[in-house]
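**Q** Next comes the structure file entry_2.cif, holding mmCIF, C-alpha atoms.
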```cif
data_my_file
loop_
_atom_site.group_PDB
_atom_site.id
_atom_site.type_symbol
_atom_site.label_atom_id
_atom_site.label_comp_id
_atom_site.auth_asym_id
_atom_site.auth_seq_id
_atom_site.Cartn_x
_atom_site.Cartn_y
_atom_site.Cartn_z
ATOM 1 C CA MET A 1 3.868 36.891 10.586
ATOM 2 C CA ALA A 2 2.456 38.642 7.530
ATOM 3 C CA LYS A 3 4.716 39.123 4.540
ATOM 4 C CA LYS A 4 4.913 42.445 2.738
ATOM 5 C CA GLU A 5 3.036 41.245 -0.293
ATOM 6 C CA THR A 6 -0.068 40.251 1.665
ATOM 7 C CA LYS A 7 -3.020 42.549 2.207
ATOM 8 C CA PRO A 8 -2.818 45.014 5.089
ATOM 9 C CA ALA A 9 -3.732 43.551 8.475
ATOM 10 C CA GLU A 10 -6.802 45.735 8.874
ATOM 11 C CA GLN A 11 -8.425 44.177 5.791
ATOM 12 C CA THR A 12 -8.390 40.662 7.289
ATOM 13 C CA PRO A 13 -8.318 41.173 11.083
ATOM 14 C CA ALA A 14 -9.951 37.886 12.080
ATOM 15 C CA VAL A 15 -7.504 35.778 10.109
ATOM 16 C CA ASN A 16 -4.420 37.681 11.284
ATOM 17 C CA ILE A 17 -5.392 37.709 14.942
ATOM 18 C CA GLU A 18 -6.208 33.999 14.854
ATOM 19 C CA GLU A 19 -2.878 33.203 13.219
ATOM 20 C CA ALA A 20 -1.018 35.401 15.686
ATOM 21 C CA LEU A 21 -2.682 33.748 18.671
ATOM 22 C CA ASN A 22 -1.964 30.288 17.312
ATOM 23 C CA ARG A 23 1.711 31.082 16.818
ATOM 24 C CA SER A 24 2.006 32.611 20.245
ATOM 25 C CA GLU A 25 0.433 29.655 22.018
ATOM 26 C CA GLN A 26 2.709 27.193 20.222
ATOM 27 C CA PHE A 27 5.855 29.275 20.686
ATOM 28 C CA PHE A 28 7.428 27.421 23.607
ATOM 29 C CA ASN A 29 6.173 23.971 22.611
ATOM 30 C CA LYS A 30 6.684 23.363 18.906
ATOM 31 C CA ASN A 31 9.506 25.814 18.171
ATOM 32 C CA LYS A 32 11.895 25.475 21.105
ATOM 33 C CA LYS A 33 14.546 23.613 19.116
ATOM 34 C CA ILE A 34 14.288 26.162 16.300
ATOM 35 C CA ILE A 35 14.766 28.953 18.843
ATOM 36 C CA PHE A 36 17.949 27.423 20.201
ATOM 37 C CA ALA A 37 19.190 26.499 16.737
ATOM 38 C CA SER A 38 18.869 30.127 15.653
ATOM 39 C CA LEU A 39 21.297 31.079 18.415
ATOM 40 C CA ILE A 40 23.955 28.787 16.984
ATOM 41 C CA ALA A 41 24.598 31.136 14.082
ATOM 42 C CA ILE A 42 25.201 34.081 16.403
ATOM 43 C CA ILE A 43 27.540 32.123 18.667
ATOM 44 C CA VAL A 44 29.537 30.556 15.809
ATOM 45 C CA ILE A 45 29.988 33.885 14.008
ATOM 46 C CA ILE A 46 31.762 35.437 16.986
ATOM 47 C CA VAL A 47 33.603 32.402 18.296
ATOM 48 C CA GLY A 48 36.494 32.693 15.849
ATOM 49 C CA GLY A 49 37.316 36.195 16.970
ATOM 50 C CA MET A 50 37.050 35.366 20.663
ATOM 51 C CA LEU A 51 39.302 32.343 20.420
ATOM 52 C CA TYR A 52 41.843 34.150 18.235
ATOM 53 C CA LYS A 53 42.168 36.886 20.869
ATOM 54 C CA SER A 54 42.502 34.331 23.632
ATOM 55 C CA LYS A 55 45.365 32.559 21.854
ATOM 56 C CA VAL A 56 47.660 35.576 22.135
ATOM 57 C CA VAL A 57 47.139 36.080 25.864
ATOM 58 C CA GLU A 58 48.717 33.199 27.796
ATOM 59 C CA PRO A 59 49.350 29.429 27.539
ATOM 60 C CA ARG A 60 46.284 28.492 29.596
ATOM 61 C CA GLU A 61 44.086 30.476 27.233
ATOM 62 C CA VAL A 62 45.750 28.767 24.272
ATOM 63 C CA LYS A 63 45.209 25.309 25.745
ATOM 64 C CA ALA A 64 41.539 26.027 26.457
ATOM 65 C CA ALA A 65 41.000 27.468 22.984
ATOM 66 C CA GLU A 66 42.608 24.489 21.278
ATOM 67 C CA ALA A 67 40.453 22.104 23.309
ATOM 68 C CA MET A 68 37.350 23.832 21.940
ATOM 69 C CA PHE A 69 37.803 23.289 18.215
ATOM 70 C CA PRO A 70 36.621 19.657 17.854
ATOM 71 C CA GLY A 71 33.572 20.469 19.939
ATOM 72 C CA GLU A 72 32.593 23.338 17.675
ATOM 73 C CA THR A 73 32.581 20.954 14.731
ATOM 74 C CA TYR A 74 30.391 18.454 16.594
ATOM 75 C CA PHE A 75 28.116 21.301 17.696
ATOM 76 C CA VAL A 76 27.614 22.743 14.217
ATOM 77 C CA ASN A 77 26.966 19.243 12.854
ATOM 78 C CA GLY A 78 24.270 18.636 15.456
ATOM 79 C CA GLU A 79 26.212 15.990 17.407
ATOM 80 C CA PHE A 80 25.292 17.578 20.720
ATOM 81 C CA GLU A 81 26.100 14.663 23.021
ATOM 82 C CA LYS A 82 29.633 14.389 21.656
ATOM 83 C CA ALA A 83 30.061 18.144 21.746
ATOM 84 C CA LEU A 84 28.938 18.178 25.367
ATOM 85 C CA SER A 85 30.642 15.091 26.812
ATOM 86 C CA GLY A 86 33.520 14.329 24.437
ATOM 87 C CA ASP A 87 34.240 11.668 21.851
ATOM 88 C CA GLY A 88 36.205 9.254 24.037
ATOM 89 C CA VAL A 89 39.344 9.810 21.967
ATOM 90 C CA ASP A 90 41.050 13.187 22.150
ATOM 91 C CA TYR A 91 38.211 15.623 22.814
ATOM 92 C CA ILE A 92 37.028 16.087 26.418
ATOM 93 C CA GLY A 93 33.743 17.935 25.779
ATOM 94 C CA PHE A 94 32.392 21.417 26.470
ATOM 95 C CA GLU A 95 31.257 20.429 29.949
ATOM 96 C CA GLU A 96 34.747 19.414 31.038
ATOM 97 C CA ILE A 97 36.316 22.416 29.295
ATOM 98 C CA ALA A 98 33.930 24.726 31.133
ATOM 99 C CA ASN A 99 34.691 23.075 34.478
ATOM 100 C CA THR A 100 38.467 22.976 33.934
ATOM 101 C CA TYR A 101 39.063 26.303 32.189
ATOM 102 C CA GLY A 102 36.115 28.291 33.493
ATOM 103 C CA ASN A 103 38.225 31.379 34.233
ATOM 104 C CA THR A 104 39.458 31.688 30.630
ATOM 105 C CA LYS A 105 37.630 33.274 27.716
ATOM 106 C CA ALA A 106 37.347 29.925 25.967
ATOM 107 C CA GLY A 107 36.146 28.294 29.183
ATOM 108 C CA LYS A 108 33.437 30.913 29.571
ATOM 109 C CA LEU A 109 32.359 30.318 25.997
ATOM 110 C CA ALA A 110 32.303 26.574 26.716
ATOM 111 C CA ASN A 111 29.640 27.294 29.340
ATOM 112 C CA ALA A 112 27.446 28.785 26.616
ATOM 113 C CA TYR A 113 28.071 25.859 24.293
ATOM 114 C CA ALA A 114 27.394 23.322 27.066
ATOM 115 C CA GLY A 115 24.146 25.084 27.926
ATOM 116 C CA LEU A 116 22.984 25.106 24.319
ATOM 117 C CA CYS A 117 23.871 21.407 23.976
ATOM 118 C CA TYR A 118 21.828 20.529 27.060
ATOM 119 C CA ALA A 119 18.943 22.609 25.701
ATOM 120 C CA GLN A 120 19.029 20.735 22.413
ATOM 121 C CA LEU A 121 18.923 17.508 24.436
ATOM 122 C CA ASP A 122 15.852 18.812 26.331
ATOM 123 C CA ASN A 123 17.667 18.964 29.665
ATOM 124 C CA PHE A 124 16.668 22.520 30.455
ATOM 125 C CA GLU A 125 17.709 22.494 34.098
ATOM 126 C CA GLU A 126 21.335 21.695 33.239
ATOM 127 C CA ALA A 127 21.134 24.041 30.251
ATOM 128 C CA ALA A 128 20.098 26.919 32.490
ATOM 129 C CA LYS A 129 22.900 26.146 34.946
ATOM 130 C CA TYR A 130 25.585 26.480 32.284
ATOM 131 C CA LEU A 131 24.037 29.363 30.376
ATOM 132 C CA ALA A 132 23.787 31.368 33.600
ATOM 133 C CA LYS A 133 27.556 30.942 34.086
ATOM 134 C CA PHE A 134 28.381 32.605 30.767
ATOM 135 C CA ASP A 135 29.937 36.008 31.356
ATOM 136 C CA GLY A 136 30.694 37.530 27.989
ATOM 137 C CA LYS A 137 30.947 41.109 26.826
ATOM 138 C CA ASP A 138 30.106 40.618 23.154
ATOM 139 C CA GLU A 139 27.087 42.720 22.180
ATOM 140 C CA MET A 140 25.550 39.906 20.136
ATOM 141 C CA ALA A 141 26.559 36.771 22.031
ATOM 142 C CA SER A 142 25.681 37.952 25.536
ATOM 143 C CA PRO A 143 22.055 38.852 24.721
ATOM 144 C CA ALA A 144 21.728 35.649 22.675
ATOM 145 C CA VAL A 145 22.838 33.534 25.624
ATOM 146 C CA LEU A 146 20.427 35.403 27.901
ATOM 147 C CA GLY A 147 17.680 34.716 25.364
ATOM 148 C CA ALA A 148 18.531 31.020 25.426
ATOM 149 C CA LEU A 149 18.474 31.099 29.228
ATOM 150 C CA ALA A 150 15.037 32.747 29.154
ATOM 151 C CA ASN A 151 13.757 29.994 26.892
ATOM 152 C CA CYS A 152 15.075 27.401 29.342
ATOM 153 C CA TYR A 153 13.144 29.048 32.165
ATOM 154 C CA ALA A 154 10.034 29.107 29.981
ATOM 155 C CA SER A 155 10.463 25.434 29.134
ATOM 156 C CA MET A 156 10.681 24.700 32.864
ATOM 157 C CA GLU A 157 7.523 26.805 33.322
ATOM 158 C CA ASP A 158 9.335 29.362 35.455
ATOM 159 C CA PHE A 159 7.621 32.123 33.522
ATOM 160 C CA SER A 160 8.494 34.990 35.858
ATOM 161 C CA LYS A 161 12.209 34.301 35.396
ATOM 162 C CA ALA A 162 11.682 33.790 31.681
ATOM 163 C CA ALA A 163 10.006 37.167 31.214
ATOM 164 C CA ALA A 164 12.570 39.004 33.342
ATOM 165 C CA THR A 165 15.464 37.370 31.505
ATOM 166 C CA PHE A 166 14.003 38.214 28.087
ATOM 167 C CA GLU A 167 13.765 41.832 29.247
ATOM 168 C CA GLU A 168 17.365 41.698 30.461
ATOM 169 C CA ALA A 169 18.433 40.342 27.058
ATOM 170 C CA ALA A 170 16.627 43.183 25.297
ATOM 171 C CA LYS A 171 18.288 45.759 27.527
ATOM 172 C CA LYS A 172 21.734 44.229 27.135
ATOM 173 C CA ALA A 173 21.414 44.035 23.353
ATOM 174 C CA ASP A 174 20.406 47.688 23.082
ATOM 175 C CA ASN A 175 19.996 47.517 19.321
ATOM 176 C CA ALA A 176 17.189 47.469 16.782
ATOM 177 C CA LEU A 177 17.847 43.872 15.718
ATOM 178 C CA LEU A 178 17.761 41.910 18.975
ATOM 179 C CA SER A 179 16.033 44.215 21.461
ATOM 180 C CA PRO A 180 12.580 44.208 19.824
ATOM 181 C CA TYR A 181 12.813 40.446 19.328
ATOM 182 C CA TYR A 182 13.393 39.820 23.033
ATOM 183 C CA LEU A 183 10.831 42.429 24.067
ATOM 184 C CA PHE A 184 8.318 40.552 21.937
ATOM 185 C CA GLN A 185 9.148 37.220 23.572
ATOM 186 C CA ALA A 186 8.839 38.820 27.008
ATOM 187 C CA GLY A 187 5.496 40.276 25.975
ATOM 188 C CA LEU A 188 4.212 36.865 24.932
ATOM 189 C CA VAL A 189 5.194 35.375 28.274
ATOM 190 C CA TYR A 190 3.489 38.162 30.207
ATOM 191 C CA GLU A 191 0.376 37.924 28.051
ATOM 192 C CA LEU A 192 -0.103 34.187 27.618
ATOM 193 C CA SER A 193 1.644 32.577 30.589
ATOM 194 C CA LEU A 194 1.566 35.164 33.363
ATOM 195 C CA GLU A 195 -1.784 36.642 32.278
ATOM 196 C CA ASN A 196 -0.489 40.174 32.721
ATOM 197 C CA PRO A 197 -1.840 42.057 29.689
ATOM 198 C CA ALA A 198 -0.858 45.442 31.106
ATOM 199 C CA LYS A 199 2.827 44.485 31.214
ATOM 200 C CA ALA A 200 2.584 42.852 27.796
ATOM 201 C CA LEU A 201 1.012 46.029 26.390
ATOM 202 C CA LYS A 202 3.871 48.121 27.771
ATOM 203 C CA LEU A 203 6.436 45.937 26.000
ATOM 204 C CA TYR A 204 4.471 45.793 22.751
ATOM 205 C CA ASN A 205 4.202 49.590 22.795
ATOM 206 C CA SER A 206 7.948 49.815 23.388
ATOM 207 C CA ILE A 207 8.469 47.853 20.186
ATOM 208 C CA LYS A 208 6.042 50.095 18.328
ATOM 209 C CA PHE A 209 7.516 53.407 19.447
ATOM 210 C CA ASP A 210 11.163 52.653 20.273
ATOM 211 C CA TYR A 211 11.869 50.309 17.345
ATOM 212 C CA PRO A 212 9.411 51.390 14.622
ATOM 213 C CA ASN A 213 11.587 50.044 11.794
ATOM 214 C CA SER A 214 12.090 46.601 13.278
ATOM 215 C CA LYS A 215 10.575 43.411 11.873
ATOM 216 C CA GLU A 216 8.514 42.977 15.029
ATOM 217 C CA ALA A 217 7.033 46.474 14.703
ATOM 218 C CA GLN A 218 5.501 45.570 11.340
ATOM 219 C CA THR A 219 2.934 43.296 12.995
ATOM 220 C CA ILE A 220 2.908 44.492 16.601
ATOM 221 C CA GLU A 221 -0.333 46.443 16.228
ATOM 222 C CA GLN A 222 -2.394 43.256 16.185
ATOM 223 C CA TYR A 223 -0.859 42.168 19.497
ATOM 224 C CA ILE A 224 -1.524 45.618 20.966
ATOM 225 C CA THR A 225 -5.127 45.352 19.849
ATOM 226 C CA ARG A 226 -5.416 41.889 21.366
ATOM 227 C CA VAL A 227 -4.081 42.754 24.826
ATOM 228 C CA SER A 228 -5.939 46.069 24.891
ATOM 229 C CA SER A 229 -9.223 44.180 24.713
ATOM 230 C CA LYS A 230 -8.410 42.028 27.771
#
```
Any chance you could give the structure as structure tokens?
**A**
Amino acid sequence: MAKKETKPAEQTPAVNIEEALNRSEQFFNKNKKIIFASLIAIIVIIVGGMLYKSKVVEPREVKAAEAMFPGETYFVNGEFEKALSGDGVDYIGFEEIANTYGNTKAGKLANAYAGLCYAQLDNFEEAAKYLAKFDGKDEMASPAVLGALANCYASMEDFSKAAATFEEAAKKADNALLSPYYLFQAGLVYELSLENPAKALKLYNSIKFDYPNSKEAQTIEQYITRVSSK
């Protein structure tokens, strides 16, 4: 996307539209790992608070929370197989934590971690299964997990589910940081994969008018122009 110091989009329309189209078409192919990696920061930022709260509730919550800590280290370090399945020593893995302590806060969070691990390992079917089990209330984590789930659907070429889930993530986020981002991803799916320019235009216009100060709004006009000509 254009940086502030570049010339306005209307002065070089051909170049900007070509670049925008190229980025859109490559979105789900070349950048899928970057997309999931960007979610790690959101999840890790909130995990401390969630696990701290769980430790003062009851022994089962404490046990589940304590089981999580080695996995978080493996996860942040990019050791996704160990984080998912355990290290064969004293850590059982997010998958087992999710299955054993699924009714605890830590167990629910383990579902999100397990899903993200599977996504990083390109097993999108298993990733979607675990991400769909996550039932969190956090205003940042819940939309982020839905966004990851949408990307799994897109990677499996279930574009209708992908678009709907991106829209759900935008609605659940209900803020100027995440909502326009997920609306934009939904718009790309409708435009490029589902060939529904009318729906894409509606979402692009929502970014333009409902989130005019967002990062996405700065360049959304070129996407509006593109779908309007279809």
**Q** Just the residues within 12 Å of Val189 of chain A, please, counting only C-alpha atoms, with nothing from its chain fewer than 6 positions along; format it as a tab-separated table (two decimals) with C-alpha atoms, keeping the file's coordinate frame.
**A**
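Once everything was written out, this is selection34.tsv:
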```tsv
chain	number	residue	atom	x	y	z
A	24	SER	CA	2.01	32.61	20.24
A	25	GLU	CA	0.43	29.66	22.02
A	26	GLN	CA	2.71	27.19	20.22
A	27	PHE	CA	5.86	29.28	20.69
A	28	PHE	CA	7.43	27.42	23.61
A	150	ALA	CA	15.04	32.75	29.15
A	151	ASN	CA	13.76	29.99	26.89
A	153	TYR	CA	13.14	29.05	32.16
A	154	ALA	CA	10.03	29.11	29.98
A	155	SER	CA	10.46	25.43	29.13
A	157	GLU	CA	7.52	26.80	33.32
A	158	ASP	CA	9.34	29.36	35.46
A	159	PHE	CA	7.62	32.12	33.52
A	160	SER	CA	8.49	34.99	35.86
A	161	LYS	CA	12.21	34.30	35.40
A	162	ALA	CA	11.68	33.79	31.68
A	163	ALA	CA	10.01	37.17	31.21
A	164	ALA	CA	12.57	39.00	33.34
A	165	THR	CA	15.46	37.37	31.50
A	166	PHE	CA	14.00	38.21	28.09
A	167	GLU	CA	13.76	41.83	29.25
A	182	TYR	CA	13.39	39.82	23.03
A	183	LEU	CA	10.83	42.43	24.07
A	195	GLU	CA	-1.78	36.64	32.28
A	196	ASN	CA	-0.49	40.17	32.72
A	197	PRO	CA	-1.84	42.06	29.69
A	199	LYS	CA	2.83	44.48	31.21
A	200	ALA	CA	2.58	42.85	27.80
A	201	LEU	CA	1.01	46.03	26.39
A	203	LEU	CA	6.44	45.94	26.00
A	204	TYR	CA	4.47	45.79	22.75
```
**Q** What's around Ala98 of chain A at 9 Å? Count all atoms listed in the file, leave out sequence neighbours fewer than 3 positions away in its own chain, and write the answer as a PyMOL selection string.
**A** chain A and resi 93-95+101-104+106-112+114+130
**Q** Using all atoms listed in the file, I'd like a table of the residues in segment 110-198 of chain A that come within 12 Å of segment 210-214 of chain A; for each, show the closest atom pair and its distance in Å rounded to one decimal, ordered by chain and ascending number, as CSV.
**A**
```
residue,atom,partner,partner_atom,distance
A:Ala170,CA,A:Tyr211,CA,11.7
A:Asp174,CA,A:Tyr211,CA,10.6
A:Asn175,CA,A:Tyr211,CA,8.8
A:Ala176,CA,A:Tyr211,CA,6.1
A:Leu177,CA,A:Ser214,CA,6.8
A:Leu178,CA,A:Ser214,CA,9.3
A:Ser179,CA,A:Tyr211,CA,8.5
A:Pro180,CA,A:Tyr211,CA,6.6
A:Tyr181,CA,A:Ser214,CA,8.7
A:Tyr182,CA,A:Ser214,CA,12.0
A:Leu183,CA,A:Tyr211,CA,10.4
A:Phe184,CA,A:Ser214,CA,11.2
```
**Q** Could you tell me which of A:Lys215, A:Lys171, A:Lys230, A:Lys82 comes closest to Leu192 of chain A if we count all atoms listed in the file?
**A**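 Among the listed residues, A:Lys230 lies closest to Leu192 of chain A.
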**Q** Quick one: of A:Glu72, A:Ile97, A:Asn123, A:Leu116, who's nearest to Ala148 of chain A, counting only C-alpha atoms?
**A** A:Leu116
**Q** Would you translate the PyMOL selection byres ((chain A and resi 85) around 12) into the concrete set of residues it matches in this file, as an mmCIF file with C-alpha atoms, keeping the file's coordinate frame?
**A**
```cif
data_model
loop_
_atom_site.group_PDB
_atom_site.id
_atom_site.type_symbol
_atom_site.label_atom_id
_atom_site.label_comp_id
_atom_site.auth_asym_id
_atom_site.auth_seq_id
_atom_site.Cartn_x
_atom_site.Cartn_y
_atom_site.Cartn_z
ATOM 1 C CA PRO A 70 36.621 19.657 17.854
ATOM 2 C CA GLY A 71 33.572 20.469 19.939
ATOM 3 C CA TYR A 74 30.391 18.454 16.594
ATOM 4 C CA PHE A 75 28.116 21.301 17.696
ATOM 5 C CA GLU A 79 26.212 15.990 17.407
ATOM 6 C CA PHE A 80 25.292 17.578 20.720
ATOM 7 C CA GLU A 81 26.100 14.663 23.021
ATOM 8 C CA LYS A 82 29.633 14.389 21.656
ATOM 9 C CA ALA A 83 30.061 18.144 21.746
ATOM 10 C CA LEU A 84 28.938 18.178 25.367
ATOM 11 C CA GLY A 86 33.520 14.329 24.437
ATOM 12 C CA ASP A 87 34.240 11.668 21.851
ATOM 13 C CA GLY A 88 36.205 9.254 24.037
ATOM 14 C CA VAL A 89 39.344 9.810 21.967
ATOM 15 C CA ASP A 90 41.050 13.187 22.150
ATOM 16 C CA TYR A 91 38.211 15.623 22.814
ATOM 17 C CA ILE A 92 37.028 16.087 26.418
ATOM 18 C CA GLY A 93 33.743 17.935 25.779
ATOM 19 C CA PHE A 94 32.392 21.417 26.470
ATOM 20 C CA GLU A 95 31.257 20.429 29.949
ATOM 21 C CA GLU A 96 34.747 19.414 31.038
ATOM 22 C CA ILE A 97 36.316 22.416 29.295
ATOM 23 C CA ALA A 98 33.930 24.726 31.133
ATOM 24 C CA ASN A 99 34.691 23.075 34.478
ATOM 25 C CA ALA A 110 32.303 26.574 26.716
ATOM 26 C CA TYR A 113 28.071 25.859 24.293
ATOM 27 C CA ALA A 114 27.394 23.322 27.066
ATOM 28 C CA GLY A 115 24.146 25.084 27.926
ATOM 29 C CA CYS A 117 23.871 21.407 23.976
ATOM 30 C CA TYR A 118 21.828 20.529 27.060
#
```
**Q** One number please: atom CA of Glu139 of chain A to atom CA of Ala65 of chain A, in Å, one decimal.
**A**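 Here the two named atoms are 20.7 Å from each other.
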**Q** So which one's closest to Met156 of chain A, A:Met68, A:Ala186, A:Ala173, A:Ala119? Using only C-alpha atoms, please.
**A**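 Answer, going by the shortest atom-to-atom distance: A:Ala119.
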**Q** At what distance in Å, to one decimal, does atom CA of Ser228 of chain A lie from atom CA of Cys152 of chain A?
**A** 28.5 Å
**Q** Residues within 6 Å of Pro143 of chain A, please, as a PDB file with C-alpha atoms, in the frame of the given file. Count all atoms listed in the file; anything in the same chain fewer than 3 positions from it doesn't count.
**A**
```pdb
ATOM      1  CA  MET A 140      25.550  39.906  20.136  1.00  0.00           C
ATOM      2  CA  LEU A 146      20.427  35.403  27.901  1.00  0.00           C
ATOM      3  CA  ALA A 169      18.433  40.342  27.058  1.00  0.00           C
ATOM      4  CA  LYS A 172      21.734  44.229  27.135  1.00  0.00           C
ATOM      5  CA  ALA A 173      21.414  44.035  23.353  1.00  0.00           C
TER       6      ALA A 173
END
```
**Q** Do you know which residues are at most 12 Å from Ser229 of chain A counting all atoms listed in the file, after dropping those on the same chain fewer than 3 positions away, and could you put them as a list in words?
**A**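 Returned residues: Glu191, Pro197, Ala198, Leu201, Gln222, Tyr223, Ile224, Thr225 and Arg226 of chain A.
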**Q** Could you state the separation of atom CA of Leu149 of chain A and atom CA of Ala132 of chain A in Å, given to one decimal place?
**A**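 These two atoms are separated by 6.9 Å.
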**Q** Can you write segment 141-149 of chain A from the block above with all heavy atoms, as a short mmCIF file (atom, residue, chain, number, x, y, z; two decimals), in the first residue's frame?
**A**
```cif
data_model
loop_
_atom_site.label_atom_id
_atom_site.label_comp_id
_atom_site.auth_asym_id
_atom_site.auth_seq_id
_atom_site.Cartn_x
_atom_site.Cartn_y
_atom_site.Cartn_z
N ALA A 141 -8.53 -10.75 21.09
CA ALA A 141 -8.20 -12.13 20.77
C ALA A 141 -9.31 -12.81 19.97
O ALA A 141 -9.03 -13.53 19.00
CB ALA A 141 -7.93 -12.92 22.05
N SER A 142 -10.56 -12.61 20.37
CA SER A 142 -11.66 -13.30 19.69
C SER A 142 -11.74 -12.95 18.20
O SER A 142 -11.84 -13.86 17.36
CB SER A 142 -12.98 -12.99 20.39
OG SER A 142 -12.99 -13.53 21.69
N PRO A 143 -11.70 -11.66 17.84
CA PRO A 143 -11.69 -11.35 16.40
C PRO A 143 -10.45 -11.88 15.70
O PRO A 143 -10.52 -12.31 14.53
CB PRO A 143 -11.72 -9.81 16.37
CG PRO A 143 -12.27 -9.41 17.68
CD PRO A 143 -11.79 -10.45 18.65
N ALA A 144 -9.30 -11.87 16.39
CA ALA A 144 -8.07 -12.36 15.77
C ALA A 144 -8.16 -13.85 15.45
O ALA A 144 -7.72 -14.29 14.39
CB ALA A 144 -6.87 -12.10 16.69
N VAL A 145 -8.76 -14.60 16.37
CA VAL A 145 -8.93 -16.04 16.13
C VAL A 145 -9.91 -16.27 15.00
O VAL A 145 -9.69 -17.15 14.14
CB VAL A 145 -9.38 -16.76 17.42
CG1 VAL A 145 -9.76 -18.20 17.13
CG2 VAL A 145 -8.27 -16.72 18.47
N LEU A 146 -10.98 -15.49 14.94
CA LEU A 146 -11.92 -15.59 13.83
C LEU A 146 -11.23 -15.25 12.50
O LEU A 146 -11.48 -15.89 11.47
CB LEU A 146 -13.11 -14.65 14.04
CG LEU A 146 -14.19 -15.14 14.99
CD1 LEU A 146 -15.21 -14.03 15.24
CD2 LEU A 146 -14.90 -16.37 14.42
N GLY A 147 -10.35 -14.26 12.53
CA GLY A 147 -9.59 -13.91 11.33
C GLY A 147 -8.70 -15.05 10.88
O GLY A 147 -8.59 -15.33 9.68
N ALA A 148 -8.08 -15.72 11.85
CA ALA A 148 -7.24 -16.87 11.51
C ALA A 148 -8.09 -18.00 10.93
O ALA A 148 -7.69 -18.67 9.97
CB ALA A 148 -6.50 -17.37 12.76
N LEU A 149 -9.27 -18.19 11.51
CA LEU A 149 -10.19 -19.22 11.01
C LEU A 149 -10.61 -18.90 9.58
O LEU A 149 -10.67 -19.79 8.71
CB LEU A 149 -11.42 -19.30 11.92
CG LEU A 149 -12.51 -20.29 11.54
CD1 LEU A 149 -11.96 -21.71 11.46
CD2 LEU A 149 -13.67 -20.22 12.53
#
```
